[in-house]
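Next up, input.csv (CSV, C-alpha atoms and all ligand atoms):
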chain,number,residue,atom,x,y,z
R,30,MET,CA,-14.4,57.8,43.7
R,31,ILE,CA,-17.2,59.3,41.7
R,32,PRO,CA,-16.1,62.5,40.0
R,33,PHE,CA,-18.4,65.5,39.3
R,34,VAL,CA,-17.5,65.3,35.6
R,35,ASP,CA,-15.3,62.8,33.8
R,36,LEU,CA,-13.7,64.2,30.6
R,37,LYS,CA,-11.2,61.4,30.3
R,38,THR,CA,-13.7,58.5,29.8
R,39,GLN,CA,-15.5,60.4,27.1
R,40,TYR,CA,-12.2,61.2,25.3
R,41,LEU,CA,-11.2,57.5,25.4
R,42,SER,CA,-14.5,56.5,23.9
R,43,ILE,CA,-13.8,58.6,20.7
R,44,LYS,CA,-10.0,58.8,20.9
R,45,ASP,CA,-9.3,57.5,17.4
R,46,GLU,CA,-11.6,60.0,15.7
R,47,ILE,CA,-10.4,62.9,17.8
R,48,ASP,CA,-6.7,62.1,17.3
R,49,THR,CA,-7.2,61.8,13.5
R,50,ALA,CA,-9.1,65.1,13.4
R,51,VAL,CA,-6.4,66.9,15.3
R,52,MET,CA,-3.7,65.5,13.2
R,53,LYS,CA,-5.5,66.6,10.1
R,54,VAL,CA,-5.5,70.2,11.3
R,55,LEU,CA,-1.8,70.0,12.2
R,56,GLU,CA,-1.1,68.8,8.7
R,57,SER,CA,-3.3,71.5,7.1
R,58,THR,CA,-1.7,74.3,9.3
R,59,GLN,CA,-5.2,75.9,9.5
R,60,PHE,CA,-4.6,76.8,13.1
R,61,VAL,CA,-7.0,79.7,13.4
R,62,LEU,CA,-10.5,79.6,11.8
R,63,GLY,CA,-10.2,77.7,8.5
R,64,ASN,CA,-12.2,74.9,6.9
R,65,GLU,CA,-12.9,72.9,10.1
R,66,VAL,CA,-14.3,75.9,11.9
R,67,LYS,CA,-16.4,76.9,8.9
R,68,ALA,CA,-17.8,73.4,8.6
R,69,LEU,CA,-18.5,73.4,12.4
R,70,GLU,CA,-20.4,76.8,12.0
R,71,GLU,CA,-22.7,75.2,9.4
R,72,GLU,CA,-23.2,72.0,11.3
R,73,PHE,CA,-23.8,73.6,14.7
R,74,ALA,CA,-26.2,76.2,13.3
R,75,HIS,CA,-28.1,73.4,11.6
R,76,TYR,CA,-28.2,71.5,15.0
R,77,CYS,CA,-29.7,74.6,16.6
R,78,ASN,CA,-32.2,75.0,13.7
R,79,ALA,CA,-30.6,78.4,13.0
R,80,ASP,CA,-29.4,79.8,9.7
R,81,ILE,CA,-26.0,81.1,10.6
R,82,GLY,CA,-23.2,80.3,13.1
R,83,ILE,CA,-20.3,82.4,14.1
R,84,ALA,CA,-17.6,80.5,15.9
R,85,VAL,CA,-15.6,82.4,18.5
R,86,ASN,CA,-13.0,81.7,21.2
R,87,THR,CA,-15.3,81.6,24.3
R,88,GLY,CA,-19.0,81.7,25.2
R,89,THR,CA,-18.4,85.0,26.9
R,90,SER,CA,-17.1,86.4,23.6
R,91,ALA,CA,-20.3,85.1,21.8
R,92,LEU,CA,-22.4,87.1,24.4
R,93,HIS,CA,-20.2,90.2,24.0
R,94,LEU,CA,-20.4,90.2,20.2
R,95,ALA,CA,-24.2,89.4,20.2
R,96,LEU,CA,-24.8,92.5,22.4
R,97,LEU,CA,-22.5,94.7,20.2
R,98,ALA,CA,-24.2,93.4,17.0
R,99,ALA,CA,-27.6,94.4,18.6
R,100,GLY,CA,-26.2,97.9,19.0
R,101,ILE,CA,-25.9,97.8,22.8
R,102,GLY,CA,-23.5,100.2,24.5
R,103,ALA,CA,-22.9,102.8,27.1
R,104,GLY,CA,-26.2,104.2,28.5
R,105,ASP,CA,-28.2,101.2,27.6
R,106,GLU,CA,-29.8,98.7,30.0
R,107,VAL,CA,-30.0,94.9,29.5
R,108,ILE,CA,-32.3,92.8,31.6
R,109,THR,CA,-31.0,89.5,32.9
R,110,VAL,CA,-30.8,87.4,36.1
R,111,PRO,CA,-28.4,87.5,39.0
R,112,PHE,CA,-28.6,83.7,39.5
R,113,THR,CA,-26.2,82.7,36.7
R,114,PHE,CA,-22.5,82.3,36.0
R,115,VAL,CA,-20.8,85.7,36.2
R,116,ALA,CA,-20.0,85.8,32.5
R,117,THR,CA,-23.6,86.7,31.6
R,118,THR,CA,-23.2,90.0,33.6
R,119,ALA,CA,-19.6,90.5,32.6
R,120,ALA,CA,-20.5,90.5,28.9
R,121,ILE,CA,-23.1,93.2,29.4
R,122,CYS,CA,-20.6,95.3,31.3
R,123,TYR,CA,-17.9,94.9,28.5
R,124,THR,CA,-20.2,96.8,26.2
R,125,GLY,CA,-20.6,99.7,28.6
R,126,ALA,CA,-24.3,98.9,29.2
R,127,THR,CA,-25.8,98.4,32.6
R,128,PRO,CA,-27.2,95.0,33.7
R,129,VAL,CA,-30.6,95.2,35.3
R,130,PHE,CA,-31.5,92.1,37.3
R,131,VAL,CA,-34.8,90.3,37.6
R,132,ASP,CA,-35.2,87.5,40.1
R,133,ILE,CA,-35.6,83.9,39.0
R,134,ASN,CA,-38.7,81.7,39.2
R,135,PRO,CA,-37.7,79.4,42.1
R,136,VAL,CA,-39.2,76.3,40.4
R,137,SER,CA,-37.4,76.6,37.0
R,138,TYR,CA,-34.4,78.7,38.2
R,139,THR,CA,-34.8,80.8,35.0
R,140,ILE,CA,-36.0,84.4,34.7
R,141,ASP,CA,-39.4,85.2,36.4
R,142,VAL,CA,-41.3,86.4,33.3
R,143,THR,CA,-43.9,88.1,35.5
R,144,GLN,CA,-41.3,90.5,36.8
R,145,ILE,CA,-39.7,91.6,33.5
R,146,GLU,CA,-42.0,94.4,32.6
R,147,LYS,CA,-41.5,96.2,35.9
R,148,ALA,CA,-37.7,96.3,35.1
R,149,ILE,CA,-38.2,97.9,31.7
R,150,THR,CA,-37.2,101.6,31.4
R,151,GLU,CA,-36.6,104.0,28.5
R,152,ARG,CA,-33.0,102.8,28.4
R,153,THR,CA,-33.8,99.1,28.1
R,154,LYS,CA,-32.5,97.6,24.9
R,155,ALA,CA,-32.4,93.9,25.4
R,156,ILE,CA,-33.5,90.9,27.5
R,157,LEU,CA,-30.8,88.2,28.1
R,158,PRO,CA,-32.5,85.1,29.5
R,159,VAL,CA,-30.2,82.3,30.8
R,160,HIS,CA,-31.2,78.6,30.1
R,161,LEU,CA,-29.7,77.7,33.5
R,162,TYR,CA,-28.6,74.0,34.1
R,163,GLY,CA,-29.9,73.1,30.6
R,164,GLN,CA,-33.5,74.1,31.1
R,165,PRO,CA,-34.9,76.7,28.7
R,166,ALA,CA,-36.3,80.0,30.1
R,167,ASP,CA,-40.0,80.6,29.4
R,168,MET,CA,-39.3,82.0,25.9
R,169,GLU,CA,-42.9,82.7,24.7
R,170,PRO,CA,-43.7,85.5,27.2
R,171,ILE,CA,-40.2,86.8,26.9
R,172,MET,CA,-40.5,87.2,23.1
R,173,GLU,CA,-43.9,88.7,23.5
R,174,ILE,CA,-42.7,91.3,25.9
R,175,ALA,CA,-39.6,92.0,23.8
R,176,ARG,CA,-41.7,92.6,20.6
R,177,ARG,CA,-44.1,94.8,22.4
R,178,HIS,CA,-41.3,97.0,23.8
R,179,GLY,CA,-39.0,96.8,20.7
R,180,LEU,CA,-36.2,94.9,22.6
R,181,THR,CA,-33.7,92.4,21.3
R,182,VAL,CA,-33.6,89.0,22.9
R,183,ILE,CA,-30.2,87.3,23.3
R,184,GLU,CA,-30.3,83.8,24.7
R,185,ASP,CA,-27.5,82.6,27.0
R,186,ALA,CA,-27.5,79.0,26.0
R,187,ALA,CA,-24.0,78.3,27.3
R,188,GLN,CA,-25.5,75.4,29.4
R,189,ALA,CA,-28.2,74.2,27.0
R,190,HIS,CA,-26.9,72.7,23.8
R,191,GLY,CA,-29.9,70.8,22.3
R,192,ALA,CA,-32.4,72.0,24.9
R,193,GLU,CA,-35.9,72.6,23.4
R,194,TYR,CA,-38.7,75.0,24.3
R,195,LYS,CA,-42.1,73.7,23.0
R,196,GLY,CA,-40.1,71.6,20.5
R,197,GLN,CA,-37.9,74.4,19.3
R,198,ARG,CA,-34.2,74.3,19.8
R,199,VAL,CA,-32.8,77.0,22.1
R,200,GLY,CA,-30.5,79.5,20.4
R,201,SER,CA,-32.8,80.0,17.5
R,202,ILE,CA,-35.8,81.4,19.4
R,203,GLY,CA,-34.4,84.8,20.3
R,204,ASP,CA,-32.6,87.1,17.9
R,205,ILE,CA,-29.2,85.6,18.8
R,206,GLY,CA,-28.3,82.5,20.8
R,207,CYS,CA,-24.9,82.2,22.5
R,208,PHE,CA,-23.2,78.9,23.4
R,209,SER,CA,-20.0,77.9,25.3
R,210,PHE,CA,-17.8,75.0,24.4
R,211,TYR,CA,-15.8,75.2,27.6
R,212,PRO,CA,-14.6,71.6,28.3
R,213,GLY,CA,-17.2,70.8,31.0
R,214,LYS,CA,-20.2,72.0,29.0
R,215,ASN,CA,-22.5,69.6,27.3
R,216,LEU,CA,-20.6,70.0,24.1
R,217,GLY,CA,-17.1,70.7,25.2
R,218,ALA,CA,-13.9,71.6,23.2
R,219,TYR,CA,-10.4,70.5,24.4
R,220,GLY,CA,-9.7,74.1,25.3
R,221,GLU,CA,-11.9,77.2,25.0
R,222,GLY,CA,-14.6,77.8,22.4
R,223,GLY,CA,-18.0,79.4,21.8
R,224,MET,CA,-20.6,80.2,19.1
R,225,ALA,CA,-23.3,82.7,18.3
R,226,VAL,CA,-26.2,81.5,16.1
R,227,THR,CA,-28.8,83.7,14.4
R,228,ASN,CA,-31.2,83.9,11.5
R,229,ASN,CA,-30.3,87.6,11.0
R,230,PRO,CA,-27.6,88.1,8.3
R,231,GLU,CA,-26.8,91.6,9.4
R,232,TYR,CA,-26.1,90.5,13.0
R,233,ALA,CA,-24.0,87.7,11.6
R,234,HIS,CA,-22.0,89.9,9.3
R,235,THR,CA,-21.2,92.3,12.2
R,236,MET,CA,-20.2,89.5,14.6
R,237,ARG,CA,-18.0,87.9,11.9
R,238,MET,CA,-16.2,91.2,11.5
R,239,LEU,CA,-15.9,92.0,15.2
R,240,ARG,CA,-14.4,88.6,16.1
R,241,ASP,CA,-11.6,89.3,13.6
R,242,TRP,CA,-10.4,92.8,14.3
R,243,GLY,CA,-13.4,94.5,12.6
R,244,GLN,CA,-12.1,93.7,9.2
R,245,GLU,CA,-14.3,93.7,6.2
R,246,ARG,CA,-11.4,92.7,4.0
R,247,ARG,CA,-7.8,92.1,5.2
R,248,TYR,CA,-6.5,95.3,6.8
R,249,HIS,CA,-9.7,97.2,6.1
R,250,HIS,CA,-11.0,97.8,9.7
R,251,VAL,CA,-14.5,99.2,9.5
R,252,LEU,CA,-15.3,98.4,13.1
R,253,LYS,CA,-13.2,98.5,16.3
R,254,GLY,CA,-12.9,94.7,16.7
R,255,TYR,CA,-11.4,92.0,18.8
R,256,ASN,CA,-9.4,88.8,18.5
R,257,TYR,CA,-12.1,86.4,19.3
R,258,ARG,CA,-11.4,83.8,16.6
R,259,MET,CA,-11.8,80.0,17.2
R,260,ASP,CA,-8.8,77.7,16.8
R,261,GLY,CA,-8.8,75.2,14.0
R,262,ILE,CA,-8.1,72.3,16.3
R,263,GLN,CA,-11.1,73.1,18.5
R,264,GLY,CA,-13.3,73.3,15.4
R,265,ALA,CA,-12.2,69.8,14.3
R,266,ILE,CA,-12.7,68.4,17.8
R,267,LEU,CA,-16.1,69.9,18.1
R,268,ARG,CA,-17.2,68.5,14.7
R,269,VAL,CA,-16.4,65.0,15.9
R,270,LYS,CA,-18.2,65.5,19.2
R,271,LEU,CA,-21.3,67.1,17.6
R,272,ARG,CA,-21.9,63.7,16.0
R,273,TYR,CA,-22.3,62.2,19.5
R,274,ILE,CA,-24.2,65.0,21.3
R,275,GLU,CA,-27.7,63.5,20.9
R,276,GLY,CA,-26.6,60.2,22.4
R,277,TRP,CA,-24.9,61.9,25.2
R,278,THR,CA,-27.9,64.2,25.9
R,279,GLU,CA,-30.2,61.2,26.0
R,280,ALA,CA,-27.8,59.5,28.4
R,281,ARG,CA,-27.9,62.6,30.7
R,282,ARG,CA,-31.8,62.6,30.5
R,283,THR,CA,-31.9,58.9,31.4
R,284,HIS,CA,-29.5,59.5,34.4
R,285,ALA,CA,-31.7,62.4,35.6
R,286,ALA,CA,-34.8,60.2,35.4
R,287,GLN,CA,-33.0,57.6,37.5
R,288,TYR,CA,-31.9,60.2,40.1
R,289,ASP,CA,-35.5,61.6,40.1
R,290,GLN,CA,-36.9,58.1,40.9
R,291,LEU,CA,-34.3,57.3,43.6
R,292,LEU,CA,-34.6,60.7,45.3
R,293,ALA,CA,-38.3,61.1,45.0
R,294,ASN,CA,-39.0,60.3,48.6
R,295,SER,CA,-35.9,61.8,50.1
R,296,ASP,CA,-35.5,65.1,51.8
R,297,VAL,CA,-33.9,66.9,48.8
R,298,SER,CA,-36.1,68.5,46.2
R,299,ILE,CA,-35.4,67.2,42.8
R,300,PRO,CA,-35.2,69.5,39.7
R,301,ALA,CA,-38.5,70.5,38.2
R,302,VAL,CA,-39.0,70.0,34.4
R,303,MET,CA,-41.2,72.7,33.1
R,304,PRO,CA,-44.0,71.4,30.7
R,305,TYR,CA,-42.4,73.4,27.8
R,306,SER,CA,-38.9,71.9,28.3
R,307,ARG,CA,-36.6,69.4,26.9
R,308,HIS,CA,-34.1,69.7,29.8
R,309,VAL,CA,-30.6,68.7,28.8
R,310,TYR,CA,-29.2,68.5,32.4
R,311,HIS,CA,-25.9,70.3,32.1
R,312,VAL,CA,-26.4,70.3,35.9
R,313,TYR,CA,-28.5,68.0,38.0
R,314,ALA,CA,-29.5,70.4,40.7
R,315,VAL,CA,-31.1,69.3,44.0
R,316,ARG,CA,-32.1,71.6,46.9
R,317,THR,CA,-31.8,71.1,50.6
R,318,SER,CA,-31.6,73.2,53.7
R,319,GLN,CA,-28.7,70.9,54.8
R,320,ARG,CA,-26.4,71.5,51.8
R,321,GLU,CA,-23.1,71.9,53.6
R,322,CYS,CA,-23.6,68.8,55.7
R,323,LEU,CA,-24.7,66.8,52.7
R,324,GLN,CA,-21.9,68.0,50.5
R,325,GLN,CA,-19.4,67.1,53.2
R,326,LYS,CA,-20.7,63.6,53.8
R,327,LEU,CA,-20.8,62.9,50.1
R,328,ASN,CA,-17.2,64.1,49.8
R,329,GLU,CA,-16.1,61.9,52.7
R,330,GLN,CA,-17.5,58.9,50.6
R,331,GLY,CA,-15.5,60.0,47.6
R,332,ILE,CA,-18.4,61.7,45.7
R,333,GLN,CA,-17.7,65.0,44.2
R,334,THR,CA,-20.4,67.6,43.9
R,335,GLY,CA,-20.7,71.3,42.9
R,336,ILE,CA,-22.6,74.4,43.8
R,337,HIS,CA,-24.0,76.5,41.0
R,338,TYR,CA,-23.7,79.2,42.3
R,339,PRO,CA,-22.9,80.0,45.9
R,340,ILE,CA,-23.1,83.8,45.5
R,341,PRO,CA,-25.6,85.5,43.1
R,342,VAL,CA,-24.0,88.1,40.9
R,343,HIS,CA,-25.8,91.1,42.6
R,344,LEU,CA,-23.9,90.2,45.8
R,345,GLN,CA,-20.5,89.8,44.2
R,346,ALA,CA,-17.9,92.3,45.2
R,347,ALA,CA,-17.0,93.1,41.6
R,348,TYR,CA,-20.5,94.2,40.9
R,349,SER,CA,-21.3,96.2,44.1
R,350,ASP,CA,-21.2,99.3,41.9
R,351,LEU,CA,-24.6,98.2,40.5
R,352,GLY,CA,-26.1,99.2,43.9
R,353,TYR,CA,-28.0,96.0,44.8
R,354,GLN,CA,-28.2,94.6,48.3
R,355,TYR,CA,-28.9,91.4,50.1
R,356,GLY,CA,-32.7,90.9,50.0
R,357,ASP,CA,-33.2,92.3,46.5
R,358,PHE,CA,-33.6,88.9,44.8
R,359,PRO,CA,-34.8,86.5,47.5
R,360,HIS,CA,-35.3,83.5,45.2
R,361,SER,CA,-31.8,83.8,43.8
R,362,GLU,CA,-30.4,84.2,47.3
R,363,SER,CA,-32.2,81.1,48.7
R,364,ALA,CA,-31.2,79.0,45.6
R,365,ALA,CA,-27.6,80.1,46.2
R,366,ARG,CA,-27.9,78.9,49.8
R,367,GLU,CA,-29.6,75.5,49.0
R,368,GLU,CA,-28.5,74.3,45.6
R,369,LEU,CA,-26.3,71.2,45.2
R,370,SER,CA,-25.2,69.7,41.9
R,371,LEU,CA,-24.8,65.9,41.8
R,372,PRO,CA,-22.4,64.1,39.4
R,373,MET,CA,-23.8,64.3,35.9
R,374,TYR,CA,-22.2,63.3,32.6
R,375,ALA,CA,-23.1,60.9,29.9
R,376,GLU,CA,-20.7,58.1,31.0
R,377,LEU,CA,-22.1,57.8,34.5
R,378,SER,CA,-23.2,54.3,35.3
R,379,THR,CA,-26.5,53.1,36.8
R,380,ALA,CA,-24.5,51.8,39.8
R,381,GLN,CA,-22.8,55.1,40.4
R,382,ILE,CA,-26.2,56.9,40.3
R,383,THR,CA,-27.6,54.4,42.8
R,384,THR,CA,-24.6,54.9,45.1
R,385,VAL,CA,-24.9,58.7,45.1
R,386,SER,CA,-28.7,58.6,45.6
R,387,ASN,CA,-28.5,56.1,48.5
R,388,ILE,CA,-25.9,58.2,50.3
R,389,VAL,CA,-28.0,61.3,49.8
R,390,VAL,CA,-31.1,59.6,51.2
R,391,GLN,CA,-29.2,58.1,54.2
R,392,VAL,CA,-27.3,61.3,55.2
R,393,LEU,CA,-30.5,63.3,55.2
R,394,ASN,CA,-32.5,60.6,57.0
R,395,ILE,CA,-29.9,60.5,59.8
R,396,TYR,CA,-29.8,64.3,59.9
R,397,PHE,CA,-33.6,64.7,60.2
R,398,ILE,CA,-34.0,61.8,62.7
R,399,ASN,CA,-31.3,63.4,64.9
R,400,THR,CA,-33.1,66.8,64.7
R,401,LEU,CA,-36.4,65.1,65.6
R,402,LEU,CA,-34.8,63.3,68.6
R,403,GLU,CA,-33.3,66.6,69.8
R,404,THR,CA,-36.6,68.3,69.6
R,405,THR,CA,-38.3,65.4,71.4
R,406,ASP,CA,-35.6,65.5,74.2
R,407,ALA,CA,-36.2,69.2,74.7
C,501,LIG,C1,-20.0,78.9,30.8
C,501,LIG,C2,-21.0,80.0,30.8
C,501,LIG,C3,-20.7,81.2,30.1
C,501,LIG,C4,-19.4,81.6,29.5
C,501,LIG,O1,-18.8,80.7,28.6
C,501,LIG,P1,-17.2,80.6,28.5
C,501,LIG,O2,-17.0,79.7,27.3
C,501,LIG,O3,-16.7,80.0,29.7
C,501,LIG,O4,-16.7,82.0,28.2
C,501,LIG,C5,-21.7,82.1,30.0
C,501,LIG,N1,-22.9,81.9,30.6
C,501,LIG,C6,-23.2,80.8,31.3
C,501,LIG,C7,-24.6,80.6,31.9
C,501,LIG,C8,-22.2,79.8,31.4
C,501,LIG,O5,-22.5,78.7,32.1
Do you think you could lay out the structure here as structure tokens?
Ligand SMILES: *Cc1c(COP(=O)(O)O)cnc(C)c1O
Amino acid sequence: MIPFVDLKTQYLSIKDEIDTAVMKVLESTQFVLGNEVKALEEEFAHYCNADIGIAVNTGTSALHLALLAAGIGAGDEVITVPFTFVATTAAICYTGATPVFVDINPVSYTIDVTQIEKAITERTKAILPVHLYGQPADMEPIMEIARRHGLTVIEDAAQAHGAEYKGQRVGSIGDIGCFSFYPGKNLGAYGEGGMAVTNNPEYAHTMRMLRDWGQERRYHHVLKGYNYRMDGIQGAILRVKLRYIEGWTEARRTHAAQYDQLLANSDVSIPAVMPYSRHVYHVYAVRTSQRECLQQKLNEQGIQTGIHYPIPVHLQAAYSDLGYQYGDFPHSESAAREELSLPMYAELSTAQITTVSNIVVQVLNIYFINTLLETTDA
């Protein structure tokens, strides 16, 4: 069996350090925020090349607080993509603002920068690009458009820890960058976690207050806040794992290169790496018109795969009130029909990658040969 992700193998490889770090928190009784979380904020901000980090309970909370810190609320519009995990859109809606979708570039799967300006209205306050699958959105034109129209840029970097755009770490390019530490993300907690990073001390101050009931000092609630604090245990675990992330990221990149090579002449299209990118492969996404058949055959051979994501947000029932229809974002819709995520994690072996790739090649060869024969018969 080849799982889609394997959290156990990674835990076992660092078990002693993790167990010691958790025990230390138990002894200290700093269960919420505390010294470990504070140290993580400094170390993770430094990793992103940003000045300040604000640790929270989820990536979604990081996005929510980033939007609030930027002053976004009811009556405002935020430009983002429909081809993302639903949390991106949900966070915009939490503030009372309206998400306005722009289609993706079908090659990079990130926001089509040539279509952003058409979506800007008097109500637009921010652009929220998503670094989908671990590949940065095309940030230079995004920043240029934002500066020209006076918009805030909030990066959804939930899948892109350590990804780089023209050599600059994501999260520190826009005004605020938001990360998730959900267990399956490239840097995963053993529970929920998230972080916002920024170079803007005012935004940081607001987000710090909002995550802890809007308090400036204890019981002095200057803002209507939330309970979005990070657990001490997660902070300690993430500090240990942050020391390994570069090695794990390089392993993912090596695995991706191996998949690229083995699948180069197959009937799937392999993920494109944009010239500006350091792609960190949260997901290794291939495309094929025969996705369902391929997924089923892989599953029969014990190989787990994923689909990220089968339904774009503009076609989700919960967001039908936004008024979009099928056909509005053709590139998002066809990616949702054709994308398949192959197993990807640092601990994958060369043999496993070879096995997966060989089966992908075989299944599609057989499929297309059969199609060819049928056509010839007819
Ligand atoms: C995971 C994810 C989020 C949300 O993060 P959580 O920690 O699960 O709340 C937001 N955006 C994207 C693109 C994600 O992949």
Quiz item: Leaving out Glu106 (chain R) and any residue of its chain fewer than 5 positions from it, which residues lie within 8 Å of it when counting all atoms listed in the file, given as a PyMOL selection string?
Solution: chain R and resi 126-129+152-155
Quiz item: Once you count all atoms listed in the file, which residues end up within 6 Å of ligand LIG 501 (chain C), and could you hand them over as a list in words?
Solution: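 Final answer, ordered by chain and number: Thr87, Gly88, Thr89, Thr113, Phe114, Ala116, Thr117, Val159, Asp185, Ala187, Gln188, Ser209, Phe210, Tyr211, Gly222 and Gly223 of chain R.
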Restricting it to C-alpha atoms, dump the selection as a tab-separated table (two decimals), in the coordinates of the input.
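Writing done, so here's out.tsv:
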chain	number	residue	atom	x	y	z
R	87	THR	CA	-15.30	81.60	24.30
R	88	GLY	CA	-19.00	81.70	25.20
R	89	THR	CA	-18.40	85.00	26.90
R	113	THR	CA	-26.20	82.70	36.70
R	114	PHE	CA	-22.50	82.30	36.00
R	116	ALA	CA	-20.00	85.80	32.50
R	117	THR	CA	-23.60	86.70	31.60
R	159	VAL	CA	-30.20	82.30	30.80
R	185	ASP	CA	-27.50	82.60	27.00
R	187	ALA	CA	-24.00	78.30	27.30
R	188	GLN	CA	-25.50	75.40	29.40
R	209	SER	CA	-20.00	77.90	25.30
R	210	PHE	CA	-17.80	75.00	24.40
R	211	TYR	CA	-15.80	75.20	27.60
R	222	GLY	CA	-14.60	77.80	22.40
R	223	GLY	CA	-18.00	79.40	21.80
Quiz item: Which distance in Å separates CA of Asn64 (chain R) and CA of Leu271 (chain R), to one decimal?
Solution: 16.1 Å
Quiz item: Which residue out of R:Gly203, R:Gly356, R:Gly261, R:Pro300 has the minimum interatomic distance to Glu70 (chain R) when all atoms listed in the file are used?
Solution: R:Gly261
Self-check item: Distance criterion (only C-alpha atoms): nearest to Asn294 (chain R) out of R:Ser386, R:Gln381, R:Gln164, R:Ser90
Solution: R:Ser386
Quiz item: Could you work out how far CA of Ser57 (chain R) lies from CA of Arg247 (chain R), giving the answer in Å with one decimal?
Solution: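 According to the coordinates, CA of Arg247 (chain R) and CA of Ser57 (chain R) are separated by 21.2 Å.
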Self-check item: Residue with smallest distance to His343 (chain R) - pool R:Ala218, R:Ala365, R:Met373, R:Leu323, counting all atoms listed in the file
Solution: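 Among R:Ala218, R:Ala365, R:Met373, R:Leu323, it is R:Ala365 that comes nearest to His343 (chain R).
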Self-check item: Contacts of Pro372 (chain R) at 12 Å (all atoms listed in the file; same-chain gap of 6+ positions) as JSON, numbers by chain
Solution: {"R": [30, 31, 32, 33, 34, 35, 213, 281, 284, 285, 288, 310, 311, 312, 313, 314, 315, 324, 327, 328, 331, 332, 333, 334, 335, 336, 378, 381, 382, 383, 384, 385, 386]}
Quiz item: Between R:Arg366, R:Arg246, R:Lys195, R:Lys147, which has the minimum distance to Val131 (chain R) (counting only C-alpha atoms)?
Solution: R:Lys147
Quiz item: For Ile101 (chain R), which residue among R:Asn86, R:Thr181, R:Thr150, R:Ser298 is the nearest when counting all atoms listed in the file?
Solution: R:Thr181
If we count all atoms listed in the file and set the cut-off at 10 Å, which residues sit around Tyr348 (chain R), ignoring sequence neighbours fewer than 4 positions away in its own chain? Please answer as an mmCIF file with C-alpha atoms, in the frame of the given file.
data_model
loop_
_atom_site.group_PDB
_atom_site.id
_atom_site.type_symbol
_atom_site.label_atom_id
_atom_site.label_comp_id
_atom_site.auth_asym_id
_atom_site.auth_seq_id
_atom_site.Cartn_x
_atom_site.Cartn_y
_atom_site.Cartn_z
ATOM 1 C CA VAL R 115 -20.800 85.700 36.200
ATOM 2 C CA THR R 118 -23.200 90.000 33.600
ATOM 3 C CA ALA R 119 -19.600 90.500 32.600
ATOM 4 C CA CYS R 122 -20.600 95.300 31.300
ATOM 5 C CA PRO R 128 -27.200 95.000 33.700
ATOM 6 C CA VAL R 342 -24.000 88.100 40.900
ATOM 7 C CA HIS R 343 -25.800 91.100 42.600
ATOM 8 C CA LEU R 344 -23.900 90.200 45.800
ATOM 9 C CA GLY R 352 -26.100 99.200 43.900
ATOM 10 C CA TYR R 353 -28.000 96.000 44.800
#
Practice problem: Figure out the distance between CA of Tyr232 (chain R) and CA of Ile140 (chain R), please, to one decimal in Å. | Solution: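 Here the two named atoms are 24.6 Å from each other.
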Practice problem: Compile the contact shell of Leu96 (chain R) as a list in words: residues with an atom at most 9 Å away, counting only C-alpha atoms, same-chain residues fewer than 2 positions apart removed. | Solution: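 Non-adjacent residues within range: Ala91, Leu92, His93, Leu94, Ala98, Ala99, Gly100, Ile101, Gly102, Ala120, Ile121, Thr124, Ala155, Thr181, Ile183 and Ile205 of chain R.
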Exercise. Would you please work out which residue, of R:Tyr76, R:Tyr355, R:Phe130, R:Tyr248, is nearest to Tyr273 (chain R) when using only C-alpha atoms?
Key: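 Of R:Tyr76, R:Tyr355, R:Phe130, R:Tyr248, the one nearest Tyr273 (chain R) is R:Tyr76, counting only C-alpha atoms.
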Exercise. Around the point (-13.9, 73.5, 16.2) in the file's coordinates, collect all residues with an atom within 12 Å, using only C-alpha atoms, and return them as a ChimeraX atom specification.
Key: /R:47,50-51,54,59-73,82-87,209-211,216-224,258-271
Generate N, CA and C atoms for region 300-308 of chain R and emit them as a short mmCIF file (atom, residue, chain, number, x, y, z; two decimals), keeping the file's coordinate frame.
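As a result, part.cif now contains:
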data_model
loop_
_atom_site.label_atom_id
_atom_site.label_comp_id
_atom_site.auth_asym_id
_atom_site.auth_seq_id
_atom_site.Cartn_x
_atom_site.Cartn_y
_atom_site.Cartn_z
N PRO R 300 -34.94 68.43 40.66
CA PRO R 300 -35.20 69.50 39.70
C PRO R 300 -36.54 69.37 39.01
N ALA R 301 -37.26 70.49 38.88
CA ALA R 301 -38.50 70.50 38.20
C ALA R 301 -38.28 70.58 36.67
N VAL R 302 -39.03 69.83 35.90
CA VAL R 302 -39.00 70.00 34.40
C VAL R 302 -40.24 70.72 34.04
N MET R 303 -40.08 71.91 33.46
CA MET R 303 -41.20 72.70 33.10
C MET R 303 -41.94 72.01 31.91
N PRO R 304 -43.27 72.17 31.79
CA PRO R 304 -44.00 71.40 30.70
C PRO R 304 -43.53 71.78 29.32
N TYR R 305 -42.89 72.95 29.17
CA TYR R 305 -42.40 73.40 27.80
C TYR R 305 -41.03 72.88 27.48
N SER R 306 -40.38 72.15 28.41
CA SER R 306 -38.90 71.90 28.30
C SER R 306 -38.52 70.58 27.76
N ARG R 307 -37.49 70.58 26.95
CA ARG R 307 -36.60 69.40 26.90
C ARG R 307 -35.34 69.84 27.64
N HIS R 308 -35.23 69.34 28.85
CA HIS R 308 -34.10 69.70 29.80
C HIS R 308 -32.93 68.83 29.35
#
